[in-house]
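> Next comes work25.txt, compact mmCIF, C-alpha atoms:
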```
# COMPACT_ATOMS: atom_id res chain seq x y z
CA MET A 4 -18.52 45.18 30.42
CA GLU A 5 -17.94 41.61 29.33
CA HIS A 6 -16.60 39.18 31.90
CA GLU A 7 -12.84 39.15 31.28
CA PRO A 8 -12.22 35.37 31.42
CA LEU A 9 -14.84 34.92 28.74
CA LEU A 10 -13.28 37.68 26.69
CA ILE A 11 -9.89 36.02 27.00
CA ARG A 12 -11.28 32.65 25.95
CA ARG A 13 -12.81 34.27 22.91
CA ALA A 14 -9.54 36.02 22.12
CA ILE A 15 -7.61 32.75 22.38
CA ALA A 16 -10.13 31.26 20.01
CA GLY A 17 -9.23 34.01 17.56
CA ASP A 18 -12.19 36.29 17.91
CA GLU A 19 -10.92 39.58 16.54
CA GLU A 20 -13.51 41.59 18.40
CA ALA A 21 -12.38 39.99 21.65
CA LEU A 22 -8.75 40.75 20.87
CA ARG A 23 -9.70 44.31 20.14
CA ALA A 24 -11.75 44.57 23.30
CA LEU A 25 -8.82 43.33 25.40
CA TRP A 26 -6.54 45.82 23.72
CA ALA A 27 -8.99 48.67 24.21
CA ARG A 28 -9.50 47.81 27.86
CA HIS A 29 -5.82 47.53 28.77
CA ALA A 30 -3.94 49.71 26.28
CA PRO A 31 -4.14 52.87 28.40
CA HIS A 32 -2.26 51.16 31.23
CA ILE A 33 0.04 48.92 29.22
CA ASP A 34 1.07 51.68 26.82
CA MET A 35 1.72 53.94 29.79
CA VAL A 36 4.16 51.41 31.24
CA VAL A 37 6.01 51.38 27.93
CA ARG A 38 6.01 55.16 27.73
CA ARG A 39 7.43 55.48 31.23
CA LEU A 40 10.24 53.01 30.65
CA VAL A 41 11.20 54.37 27.24
CA GLY A 42 11.21 58.02 28.22
CA GLY A 43 10.89 60.89 25.78
CA ASP A 44 11.29 59.07 22.46
CA ALA A 45 7.66 58.87 21.38
CA ASP A 46 8.37 57.03 18.12
CA LEU A 47 10.42 54.37 19.86
CA ALA A 48 7.76 54.04 22.55
CA ALA A 49 5.07 53.53 19.91
CA ASP A 50 7.13 50.89 18.13
CA ILE A 51 7.81 49.04 21.36
CA ALA A 52 4.18 49.27 22.46
CA GLN A 53 3.16 47.59 19.22
CA GLU A 54 5.71 44.83 19.83
CA VAL A 55 4.39 44.47 23.36
CA TRP A 56 0.84 43.93 22.18
CA ILE A 57 1.88 41.40 19.57
CA GLN A 58 3.78 39.55 22.27
CA ILE A 59 0.82 39.69 24.66
CA PHE A 60 -1.48 38.19 22.04
CA ARG A 61 1.10 35.60 21.00
CA ALA A 62 1.42 34.50 24.60
CA LEU A 63 -2.31 34.59 25.30
CA PRO A 64 -2.80 30.81 25.04
CA SER A 65 -0.27 30.43 27.86
CA TYR A 66 -2.25 32.70 30.19
CA ARG A 67 -3.42 30.43 32.99
CA GLY A 68 -5.53 32.85 34.94
CA ASP A 69 -3.36 32.53 38.04
CA SER A 70 -3.16 36.31 38.22
CA GLN A 71 -5.21 39.16 36.84
CA PHE A 72 -4.82 39.57 33.10
CA SER A 73 -3.69 43.14 33.68
CA THR A 74 -0.88 41.94 35.96
CA TRP A 75 0.15 39.24 33.52
CA ALA A 76 0.13 41.66 30.59
CA HIS A 77 1.97 44.25 32.65
CA ARG A 78 4.84 41.82 33.24
CA ILE A 79 5.07 41.10 29.54
CA ALA A 80 5.08 44.82 28.82
CA VAL A 81 7.95 45.44 31.23
CA ASN A 82 9.97 42.46 29.98
CA ARG A 83 9.42 43.26 26.35
CA THR A 84 10.19 46.94 26.78
CA LEU A 85 13.40 46.24 28.64
CA ASN A 86 14.42 43.75 25.96
CA ALA A 87 13.71 46.29 23.28
CA LEU A 88 15.73 48.92 25.11
CA ARG A 89 18.60 46.46 25.41
CA LYS A 90 18.50 45.93 21.67
CA THR A 91 18.84 49.64 21.15
CA LYS A 92 21.81 49.58 23.57
CA ARG A 93 19.99 51.94 25.88
CA LEU A 94 20.29 49.65 28.83
CA ALA A 95 23.86 48.51 28.29
CA ASN A 96 26.38 48.75 31.12
CA LEU A 97 23.88 49.59 33.80
CA GLU A 98 26.37 49.36 36.63
CA THR A 99 28.63 51.82 34.89
CA GLU A 100 25.70 54.12 34.42
CA VAL A 101 25.32 54.53 38.16
CA THR A 102 28.54 56.45 38.37
CA GLU A 103 28.09 58.28 35.12
CA ASP A 104 24.58 59.31 36.00
CA SER A 105 25.51 60.62 39.42
CA ALA A 106 28.10 62.84 37.79
CA SER A 107 25.50 64.27 35.48
CA VAL A 108 23.23 65.66 38.19
CA ASP A 109 23.25 69.39 38.00
CA PRO A 110 24.04 70.77 41.44
CA ASP A 111 22.00 73.91 40.80
CA PRO A 112 18.31 73.11 40.46
CA ASP A 113 17.52 76.60 39.22
CA ARG A 114 19.59 75.97 36.12
CA THR A 115 18.09 72.60 35.31
CA PHE A 116 15.11 71.72 33.21
CA VAL A 117 11.95 72.22 35.23
CA ALA A 118 9.65 69.28 34.65
CA GLN A 119 5.90 69.60 34.75
CA SER A 120 5.36 65.95 35.54
CA ILE A 121 7.24 62.97 36.83
CA GLU A 122 7.09 61.45 33.35
CA ALA A 123 8.75 64.51 31.84
CA ALA A 124 11.33 64.62 34.61
CA ALA A 125 12.14 60.92 34.31
CA ALA A 126 12.73 61.41 30.61
CA GLN A 127 15.79 63.43 31.66
CA LEU A 128 17.30 60.42 33.43
CA SER A 129 19.64 57.93 31.87
CA PRO A 130 17.75 54.87 30.58
CA GLY A 131 19.05 52.66 33.37
CA ALA A 132 18.20 55.09 36.14
CA ARG A 133 14.78 55.70 34.62
CA ALA A 134 14.09 51.98 34.38
CA VAL A 135 15.03 51.39 38.01
CA PHE A 136 13.07 54.39 39.28
CA MET A 137 9.97 53.56 37.27
CA MET A 138 10.05 49.89 38.17
CA HIS A 139 10.57 50.52 41.90
CA ASP A 140 8.79 53.72 42.77
CA VAL A 141 6.02 53.67 40.17
CA GLU A 142 5.42 50.03 39.29
CA GLY A 143 6.22 48.59 42.70
CA TYR A 144 8.93 46.07 41.82
CA THR A 145 11.39 45.03 44.52
CA HIS A 146 15.11 45.57 44.12
CA GLU A 147 15.56 41.82 43.77
CA GLU A 148 13.04 41.70 40.92
CA ILE A 149 14.63 44.70 39.24
CA ALA A 150 18.07 43.19 39.60
CA GLU A 151 16.86 40.02 37.93
CA GLN A 152 15.17 41.89 35.12
CA LEU A 153 18.07 44.21 34.42
CA GLY A 154 20.94 41.85 35.09
CA ILE A 155 22.38 43.90 37.93
CA THR A 156 22.73 43.36 41.66
CA PRO A 157 20.08 44.46 44.18
CA GLY A 158 22.67 46.84 45.58
CA GLY A 159 23.20 48.29 42.13
CA SER A 160 19.46 48.75 41.80
CA LYS A 161 19.31 50.61 45.12
CA SER A 162 22.22 52.81 44.21
CA GLN A 163 20.66 53.60 40.84
CA LEU A 164 17.34 54.38 42.51
CA PHE A 165 18.81 56.82 44.99
CA LYS A 166 20.70 58.66 42.25
CA ALA A 167 17.52 58.83 40.22
CA ARG A 168 15.52 60.15 43.17
CA GLY A 169 18.19 62.74 43.80
CA LYS A 170 17.97 64.05 40.29
CA LEU A 171 14.19 63.94 40.15
CA ARG A 172 13.96 65.73 43.47
CA LYS A 173 15.78 68.64 41.85
CA LEU A 174 13.83 68.53 38.61
CA LEU A 175 10.53 68.44 40.48
CA ALA A 176 11.50 70.84 43.25
CA HIS A 177 8.47 72.99 42.58
CA LEU A 178 6.26 69.98 43.27
CA VAL A 179 8.01 68.32 46.18
CA ASP A 180 9.71 71.09 48.14
CA VAL A 181 8.45 71.43 51.69
CA ARG A 182 8.96 74.93 52.99
CA ASP A 183 8.26 74.49 56.67
CA VAL A 184 9.21 71.44 58.60
CA GLU A 185 8.40 71.36 62.26
CA LEU A 186 11.22 70.12 64.37
CA PRO A 187 10.48 68.58 67.71
CA ARG A 188 13.06 70.73 69.45
CA LYS A 189 13.89 74.38 68.90
CA GLU A 190 17.62 74.34 68.82
CA PRO A 191 20.13 75.35 66.18
CA ALA A 192 21.18 72.54 63.92
CA HIS A 193 24.65 71.10 64.23
CA VAL A 194 25.52 73.04 67.37
CA ALA A 195 25.95 69.81 69.22
CA PRO A 196 26.86 66.95 66.91
CA VAL A 197 24.75 63.90 67.45
CA TYR A 198 26.52 60.55 67.43
CA MET B 10 26.85 65.08 62.88
CA SER B 11 27.21 66.45 59.38
CA HIS B 12 24.22 66.59 57.08
CA LEU B 13 22.88 63.35 55.71
CA SER B 14 24.01 62.62 52.17
CA THR B 15 21.60 63.04 49.28
CA ASP B 16 21.67 59.32 48.61
CA ARG B 17 20.83 58.58 52.23
CA LEU B 18 18.02 61.12 52.28
CA ALA B 19 16.70 59.57 49.08
CA ALA B 20 16.79 56.17 50.76
CA LEU B 21 14.92 57.52 53.77
CA ALA B 22 11.91 58.20 51.57
CA ASP B 23 10.86 54.63 52.22
CA GLU B 24 13.37 53.29 54.72
CA PRO B 25 13.35 53.94 58.46
CA PRO B 26 16.22 56.06 59.77
CA THR B 27 18.68 54.73 62.29
CA ALA B 28 18.50 56.11 65.81
CA THR B 29 21.39 58.43 65.06
CA GLU B 30 19.80 59.63 61.84
CA LEU B 31 16.50 60.14 63.61
CA ALA B 32 18.16 62.24 66.24
CA HIS B 33 19.82 64.31 63.53
CA LEU B 34 16.60 64.73 61.58
CA SER B 35 14.85 65.97 64.67
CA ALA B 36 17.45 68.69 65.04
CA CYS B 37 18.38 69.64 61.47
CA ALA B 38 15.71 71.56 59.59
CA GLU B 39 17.61 71.33 56.31
CA CYS B 40 17.86 67.54 56.37
CA ALA B 41 14.29 67.22 57.61
CA ARG B 42 13.12 69.37 54.67
CA GLU B 43 15.08 67.26 52.24
CA ARG B 44 13.67 64.07 53.68
CA ALA B 45 10.16 65.50 53.43
CA ALA B 46 10.82 66.43 49.80
CA PHE B 47 11.93 62.88 48.98
CA ARG B 48 8.84 61.53 50.71
CA ALA B 49 6.71 63.86 48.63
CA LEU B 50 8.52 62.62 45.52
CA ALA B 51 7.69 59.05 46.51
CA GLU B 52 4.04 60.02 46.82
CA VAL B 53 4.07 61.66 43.41
CA ALA B 54 5.67 58.53 41.96
CA ALA B 55 3.12 56.26 43.61
CA ALA B 56 0.30 58.38 42.24
CA GLU B 57 1.88 58.13 38.79
CA SER B 58 1.19 54.40 38.71
CA ALA B 59 -2.53 55.07 38.52
CA ARG B 60 -2.23 57.69 35.81
CA ILE B 61 -3.15 56.70 32.31
CA GLY B 62 -2.37 58.47 29.10
CA SER B 63 -3.46 58.28 25.54
CA PRO B 64 -2.57 54.88 24.05
CA LEU B 65 0.59 54.66 21.99
CA THR B 66 -1.02 52.08 19.77
CA SER B 67 -4.11 52.18 17.65
CA TRP B 68 -6.08 49.17 16.48
CA GLU B 69 -5.75 50.38 12.92
CA THR B 70 -1.96 50.08 13.08
CA LEU B 71 -1.89 47.06 15.37
CA ARG B 72 -4.31 44.94 13.38
CA PRO B 73 -2.16 44.57 10.22
CA ALA B 74 0.75 43.49 12.40
CA LEU B 75 -1.43 40.91 14.11
CA VAL B 76 -2.66 39.66 10.76
CA ALA B 77 0.93 39.47 9.49
CA ASP B 78 1.84 37.55 12.63
CA ARG B 79 -1.11 35.21 11.99
CA ILE B 80 -2.64 36.05 15.34
CA ILE B 81 -5.66 37.39 13.52
CA ASP B 82 -6.70 35.40 10.52
CA ASP B 83 -8.38 37.36 7.77
CA GLY B 84 -10.23 34.21 6.92
CA SER B 85 -12.05 32.14 9.48
CA ALA B 86 -9.87 29.05 9.68
CA ASN B 87 -7.31 29.61 12.31
CA ILE B 88 -6.03 31.67 15.17
CA LEU B 89 -4.13 31.50 18.42
CA ALA B 90 -5.45 28.26 19.80
CA SER B 91 -4.71 26.26 16.70
CA ARG B 92 -1.48 27.82 15.58
CA THR B 93 0.60 24.72 16.20
CA ARG B 94 -1.37 22.74 13.68
CA ARG B 95 -1.70 25.54 11.19
CA VAL B 96 -0.72 24.21 7.79
CA SER B 97 -2.17 24.65 4.36
CA ARG B 98 -2.14 20.99 3.33
CA PRO B 99 -5.36 20.11 1.51
CA TRP B 100 -5.84 16.93 3.50
CA LEU B 101 -5.61 18.83 6.77
CA GLN B 102 -8.09 21.38 5.53
CA ALA B 103 -10.36 18.51 4.68
CA ALA B 104 -9.85 17.07 8.14
CA ALA B 105 -10.73 20.42 9.66
CA ALA B 106 -13.89 20.56 7.58
CA VAL B 107 -14.79 17.06 8.70
CA LEU B 108 -14.21 18.06 12.28
CA LEU B 109 -16.49 21.05 12.00
CA VAL B 110 -19.30 19.23 10.27
CA LEU B 111 -19.12 15.96 12.19
CA GLY B 112 -18.44 17.67 15.49
CA GLY B 113 -21.55 19.75 15.08
CA ALA B 114 -23.64 16.79 14.07
CA MET B 115 -22.32 14.64 16.87
CA ALA B 116 -22.89 17.32 19.48
CA GLY B 117 -26.39 17.76 18.12
CA ARG B 118 -27.09 14.07 18.58
CA TYR B 119 -25.67 14.21 22.04
CA SER B 120 -27.78 17.20 23.02
CA THR B 121 -30.93 15.39 21.96
CA GLY B 122 -30.07 12.31 23.98
CA ALA B 123 -28.88 10.16 21.10
CA SER B 124 -25.62 8.29 21.27
CA PRO B 125 -22.58 9.96 19.73
CA LEU B 126 -21.55 9.16 16.18
CA PRO B 127 -19.85 5.81 15.57
CA ILE B 128 -16.44 7.31 15.16
CA VAL B 129 -14.55 4.53 13.39
CA GLU B 130 -17.15 4.00 10.75
CA SER B 131 -17.93 7.62 10.08
CA ASN B 132 -18.08 8.59 6.45
CA PRO B 133 -17.06 12.17 5.71
CA VAL B 134 -19.00 12.28 2.47
CA ALA B 135 -22.20 11.13 4.04
CA THR B 136 -21.98 13.34 7.11
CA ALA B 137 -21.11 16.37 5.05
CA SER B 138 -24.78 16.55 4.18
CA VAL B 139 -25.78 17.39 7.73
CA PRO B 140 -28.15 20.36 7.49
CA ALA B 141 -26.90 23.67 8.81
CA ASP B 142 -29.77 23.96 11.26
CA SER B 143 -28.41 20.98 13.21
CA VAL B 144 -25.68 23.13 14.74
CA PRO B 145 -26.12 22.46 18.45
CA GLN B 146 -26.99 24.83 21.24
CA PHE B 147 -25.16 23.58 24.31
CA ARG B 148 -27.25 23.42 27.44
CA SER B 149 -24.33 23.57 29.82
CA ILE B 150 -20.58 23.78 30.08
CA ASP B 151 -20.45 20.04 30.64
CA ASP B 152 -22.35 19.48 27.41
CA ALA B 153 -19.84 21.59 25.53
CA ARG B 154 -16.87 19.88 27.19
CA VAL B 155 -18.15 16.44 26.27
CA ALA B 156 -18.71 17.53 22.69
CA GLN B 157 -15.27 19.10 22.62
CA LEU B 158 -13.59 15.87 23.73
CA GLN B 159 -15.59 13.83 21.26
CA SER B 160 -14.70 16.25 18.49
CA GLN B 161 -11.03 16.01 19.32
CA ALA B 162 -11.16 12.24 19.19
CA LEU B 163 -13.06 12.37 15.93
CA TYR B 164 -10.59 14.85 14.51
CA GLN B 165 -7.72 12.48 15.21
CA MET B 166 -9.55 9.58 13.64
CA ALA B 167 -10.43 11.62 10.56
CA THR B 168 -6.86 12.84 10.21
CA ALA B 169 -5.48 9.33 10.48
CA TYR B 170 -8.05 8.09 7.98
CA LEU B 171 -7.18 10.80 5.50
CA ALA B 172 -3.48 10.17 5.93
CA ALA B 173 -3.99 6.52 5.15
CA GLN B 174 -6.58 6.84 2.38
CA ASP B 175 -6.11 10.13 0.60
CA THR B 176 -3.63 9.37 -2.17
CA SER B 177 -3.61 12.94 -3.46
CA ILE B 178 -1.13 13.96 -0.80
CA ARG B 179 1.53 11.60 -2.06
CA ALA B 180 2.34 13.72 -5.04
CA VAL B 181 2.71 16.80 -2.88
CA ASP B 182 4.53 15.68 0.25
CA SER B 183 8.01 14.30 -0.14
CA PRO B 184 9.49 11.98 2.48
CA ALA B 185 11.89 14.76 3.47
CA ALA B 186 9.02 17.19 4.04
CA ILE B 187 7.13 14.63 6.07
CA ARG B 188 10.18 13.90 8.19
CA THR B 189 10.61 17.60 8.81
CA ARG B 190 7.01 17.81 9.93
CA LEU B 191 7.46 14.76 12.12
CA ALA B 192 10.51 16.27 13.79
CA ALA B 193 8.61 19.49 14.39
CA LEU B 194 5.69 17.57 15.85
CA ASP B 195 8.04 15.66 18.13
CA ARG B 196 9.39 18.92 19.46
CA ALA B 197 5.88 20.28 19.86
CA THR B 198 4.77 17.13 21.66
CA GLN B 199 7.66 17.42 24.08
CA ALA B 200 7.04 21.10 24.76
CA ILE B 201 3.31 20.69 25.18
CA GLY B 202 3.87 17.64 27.36
CA GLN B 203 5.92 19.80 29.69
CA ALA B 204 3.21 22.44 29.62
CA LEU B 205 0.71 19.75 30.53
CA ASN B 206 2.73 18.95 33.64
CA ASP B 207 2.30 22.56 34.72
CA ALA B 208 -1.36 22.82 33.79
CA PRO B 209 -2.79 19.28 33.74
CA TYR B 210 -6.41 20.43 33.74
CA ASP B 211 -6.06 23.30 31.29
CA PRO B 212 -8.44 22.61 28.40
CA VAL B 213 -6.38 24.61 25.91
CA ILE B 214 -3.16 22.76 26.72
CA ASN B 215 -5.01 19.45 26.65
CA GLY B 216 -6.45 20.33 23.27
CA TYR B 217 -3.03 21.13 21.92
CA TYR B 218 -1.61 17.91 23.29
CA LEU B 219 -4.29 15.67 21.84
CA SER B 220 -4.15 17.38 18.47
CA THR B 221 -0.37 17.18 18.32
CA LEU B 222 -0.37 13.49 19.19
CA GLY B 223 -3.00 12.86 16.55
CA GLN B 224 -1.06 14.76 13.94
CA ARG B 225 2.12 12.94 14.86
CA GLU B 226 0.52 9.55 14.42
CA ALA B 227 -1.06 10.63 11.16
CA THR B 228 2.28 11.90 9.93
CA LEU B 229 3.95 8.61 10.81
CA ARG B 230 1.28 6.75 8.86
CA GLN B 231 1.73 9.13 5.96
CA LEU B 232 5.48 8.67 6.09
CA ASN B 233 4.99 4.93 5.86
CA THR B 234 3.06 5.28 2.65
CA VAL B 235 5.98 6.94 0.90
CA MET B 236 8.79 4.80 2.31
CA PRO B 237 10.10 1.58 0.75
CA ALA B 238 8.57 -1.47 2.38
CA SER B 239 11.85 -2.41 4.05
CA MET B 240 12.06 0.94 5.82
CA ARG B 241 8.51 1.21 7.06
CA ILE B 242 7.84 1.87 10.69
CA THR B 243 5.78 -0.78 12.34
CA THR B 244 5.19 0.81 15.74
CA TYR B 245 4.16 4.28 16.77
```
What would you get if you wrote out this structure as structure tokens?


Amino acid sequence: MEHEPLLIRRAIAGDEEALRALWARHAPHIDMVVRRLVGGDADLAADIAQEVWIQIFRALPSYRGDSQFSTWAHRIAVNRTLNALRKTKRLANLETEVTEDSASVDPDPDRTFVAQSIEAAAAQLSPGARAVFMMHDVEGYTHEEIAEQLGITPGGSKSQLFKARGKLRKLLAHLVDVRDVELPRKEPAHVAPVY
Amino acid sequence: MSHLSTDRLAALADEPPTATELAHLSACAECARERAAFRALAEVAAAESARIGSPLTSWETLRPALVADRIIDDGSANILASRTRRVSRPWLQAAAAVLLVLGGAMAGRYSTGASPLPIVESNPVATASVPADSVPQFRSIDDARVAQLQSQALYQMATAYLAAQDTSIRAVDSPAAIRTRLAALDRATQAIGQALNDAPYDPVINGYYLSTLGQREATLRQLNTVMPASMRITTY
């Protein structure tokens, strides 16, 4: 595998093969980030992924090498995808979504869609809740970073995250349910309230 | 204590419980199960970050967009690093050709121990006859860097020379068009100057900066040739 800094220099110099090699090396990860943030709309995800790659290559001369190329490209992918979602009005009124989304959680998990993967389950979330969940729990962003990216408060990000987890916990019950939990003490719950 | 709320249990997937919550969790099997489920969800989510899927893009569909965006040039003239000076003016194309030919020749002389080309007196017509086999093989990064700097300086000189001497451009470029270019170059100079503050040793940024300054000076000279004598600029 070619040394990446050299590949990047060649790409900046306009070497098509280098551009293609960078794309081939990183597309599986970058495109996956786009797919996660967009949700179930495959056509929209493909359009945005193409925009993301154009933006990555446009910005390539500004890449300083301070971080890994994958990290740098990942940030562009997240930013560009969120911008694209804003343009489609899918990320409008995020703070309002918190309340709306919490009301949409089906209280009966047996009657809800049963997801086979976290990606499929997250596609059932509202765009805002999905963005927060994916950025925090999957991509590792902090609430402060998410708040900055989405134009909400860190508290709003937390609230959105917990609602999203609540819904996903139901949708993925077959994957995450724990049948037996050992308690340190054998005593009936709630007999003596603990305060 | 009543059961912990769903939101709170979701938070406890990656936050420590308070002493009261801990006491409750140690006594309430239902809440403990829910907390365990949220922790399992967090693990599934963390594992998701390493998962890759089939790409959404293909090079066959991406490439035309990159060509349309001029990131990939179907020809061989230009790409990302030189986008700011990408124009189709014949005199600039000539300058680029001079740069390629003279830069190669000069680097070749350098690599063999000879002194670099006399820049001011260089004659594009004469040097255009440099044989193709004189294209240099750099012995080290330092060799290449030196040649790069010399080529940049030569490029600026050639551009300024062409702007002053090549009369063919006068019929093509109006004063208004030249002023527009000058304004654009001023903006570019300012932006790249700021970039240079952030990355003073970055060779790409330095290259941009030198090229933009050279083009700006050449444009000023060119503007002078089409202005009435009373309106000519005397300082750059």

> Show me, as a PyMOL selection string, the residues that have an atom within 7 Å of region 49-52 of chain B when counting only C-alpha atoms, minus same-chain residues fewer than 3 positions from it.

(chain A and resi 140+172+179) or (chain B and resi 22+45-46+55-56)

> Given the selection you just returned, output its residues as a file containing C-alpha atoms, formatted as a PDB file, keeping the file's coordinate frame.


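Writing the result to out_38.pdb gives the following:
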```
ATOM      1  CA  ASP A 140       8.790  53.720  42.770  1.00  0.00           C
ATOM      2  CA  ARG A 172      13.960  65.730  43.470  1.00  0.00           C
ATOM      3  CA  VAL A 179       8.010  68.320  46.180  1.00  0.00           C
TER       4      VAL A 179
ATOM      5  CA  ALA B  22      11.910  58.200  51.570  1.00  0.00           C
ATOM      6  CA  ALA B  45      10.160  65.500  53.430  1.00  0.00           C
ATOM      7  CA  ALA B  46      10.820  66.430  49.800  1.00  0.00           C
ATOM      8  CA  ALA B  55       3.120  56.260  43.610  1.00  0.00           C
ATOM      9  CA  ALA B  56       0.300  58.380  42.240  1.00  0.00           C
TER      10      ALA B  56
END
```

> Counting all atoms listed in the file, which residues sit no farther than 12 Å from the position (14.6, 65.1, 59.1) in the file's frame? I'd like them as a ChimeraX atom specification.

/A:181,183-188,192 /B:12-14,17-19,21-22,25-48

> Name the closest residue to chain B among the candidates A:Thr74, A:Ala87, A:Gly154, A:Phe136; distances are taken between atoms, counting all atoms listed in the file.

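Checking each of A:Thr74, A:Ala87, A:Gly154, A:Phe136 against chain B, counting all atoms listed in the file, the winner is A:Phe136.
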
> Counting only C-alpha atoms, what is within 10 Å of Ala62 (chain A), bar same-chain residues fewer than 3 positions away, as a list in words?

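The neighbour list is Ile15, Trp56, Ile57, Gln58, Ile59, Ser65, Tyr66, Ala76 and Ile79 of chain A; Leu89 of chain B.
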
> With only C-alpha atoms as the atoms that count, which of A:Thr145, A:Asn82, A:Gln163, A:Gln53 lies nearest to Ser129 (chain A)?

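Closest to Ser129 (chain A) of all the choices is A:Gln163.
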
> Under the rule that only C-alpha atoms are counted, which of B:Gly62, B:Val53, B:Thr189, B:Leu171 is the nearest residue to Gln119 (chain A)?

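Checking each candidate against Gln119 (chain A), we get B:Val53 as the closest.
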
> What separation in Å, quoted to one decimal, exists between CA of Ser162 (chain A) and CA of Leu128 (chain A)?

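Here the two named atoms are 14.1 Å from each other.
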
> In file coordinates, which residues lie within 12 Å of (-13.9, 37.3, 26.0) using only C-alpha atoms, given as a list in words?

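These residues have at least one counted atom within 12 Å: Met4, Glu5, His6, Glu7, Pro8, Leu9, Leu10, Ile11, Arg12, Arg13, Ala14, Ile15, Ala16, Gly17, Asp18, Glu19, Glu20, Ala21, Leu22, Arg23, Ala24, Leu25, Trp26, Arg28, Leu63 and Phe72 of chain A.
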
> Could you jot down the CA of Asn206 (chain B) to CA of Tyr164 (chain B) separation for me, Å, one decimal place?

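Result for CA of Asn206 (chain B) versus CA of Tyr164 (chain B): 23.7 Å, one decimal.
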
> May I ask for the distance between CA of Ser63 (chain B) and CA of Pro31 (chain A), given in Å to one decimal place?

6.2 Å

> Neighbours of Arg39 (chain A) within 8 Å (only C-alpha atoms; same-chain residues fewer than 3 positions away dropped), as number ranges by chain?

A: 35-36, 42, 122, 125-126, 137

> Put those residues in a file: C-alpha atoms, as a PDB file, keeping the file's coordinate frame.


```
ATOM      1  CA  MET A  35       1.720  53.940  29.790  1.00  0.00           C
ATOM      2  CA  VAL A  36       4.160  51.410  31.240  1.00  0.00           C
ATOM      3  CA  GLY A  42      11.210  58.020  28.220  1.00  0.00           C
ATOM      4  CA  GLU A 122       7.090  61.450  33.350  1.00  0.00           C
ATOM      5  CA  ALA A 125      12.140  60.920  34.310  1.00  0.00           C
ATOM      6  CA  ALA A 126      12.730  61.410  30.610  1.00  0.00           C
ATOM      7  CA  MET A 137       9.970  53.560  37.270  1.00  0.00           C
TER       8      MET A 137
END
```

> Which residues come within 7 Å of region 216-224 of chain B, counting only C-alpha atoms, excluding same-chain residues fewer than 2 positions away, as a list of chain:residue names?

B:Gln165, B:Leu194, B:Thr198, B:Ile201, B:Gly202, B:Pro212, B:Val213, B:Ile214, B:Glu226, B:Ala227, B:Thr228

> For chain B, which of A:Asn86, A:Tyr144, A:Ala49, A:Val81 is the closest residue, counting all atoms listed in the file?

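Among the listed residues, the smallest separation from chain B belongs to A:Ala49.
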
> Of the residues B:Asp152, B:Leu65, B:Glu24, B:Leu205, which is the one nearest to chain A, using all atoms listed in the file?

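Ranking B:Asp152, B:Leu65, B:Glu24, B:Leu205 by distance to chain A, first place goes to B:Leu65.
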
> Could you check which of B:Gln159, B:Gln231, B:Gln146, B:Asn215 is closest to chain A, using all atoms listed in the file?

B:Asn215
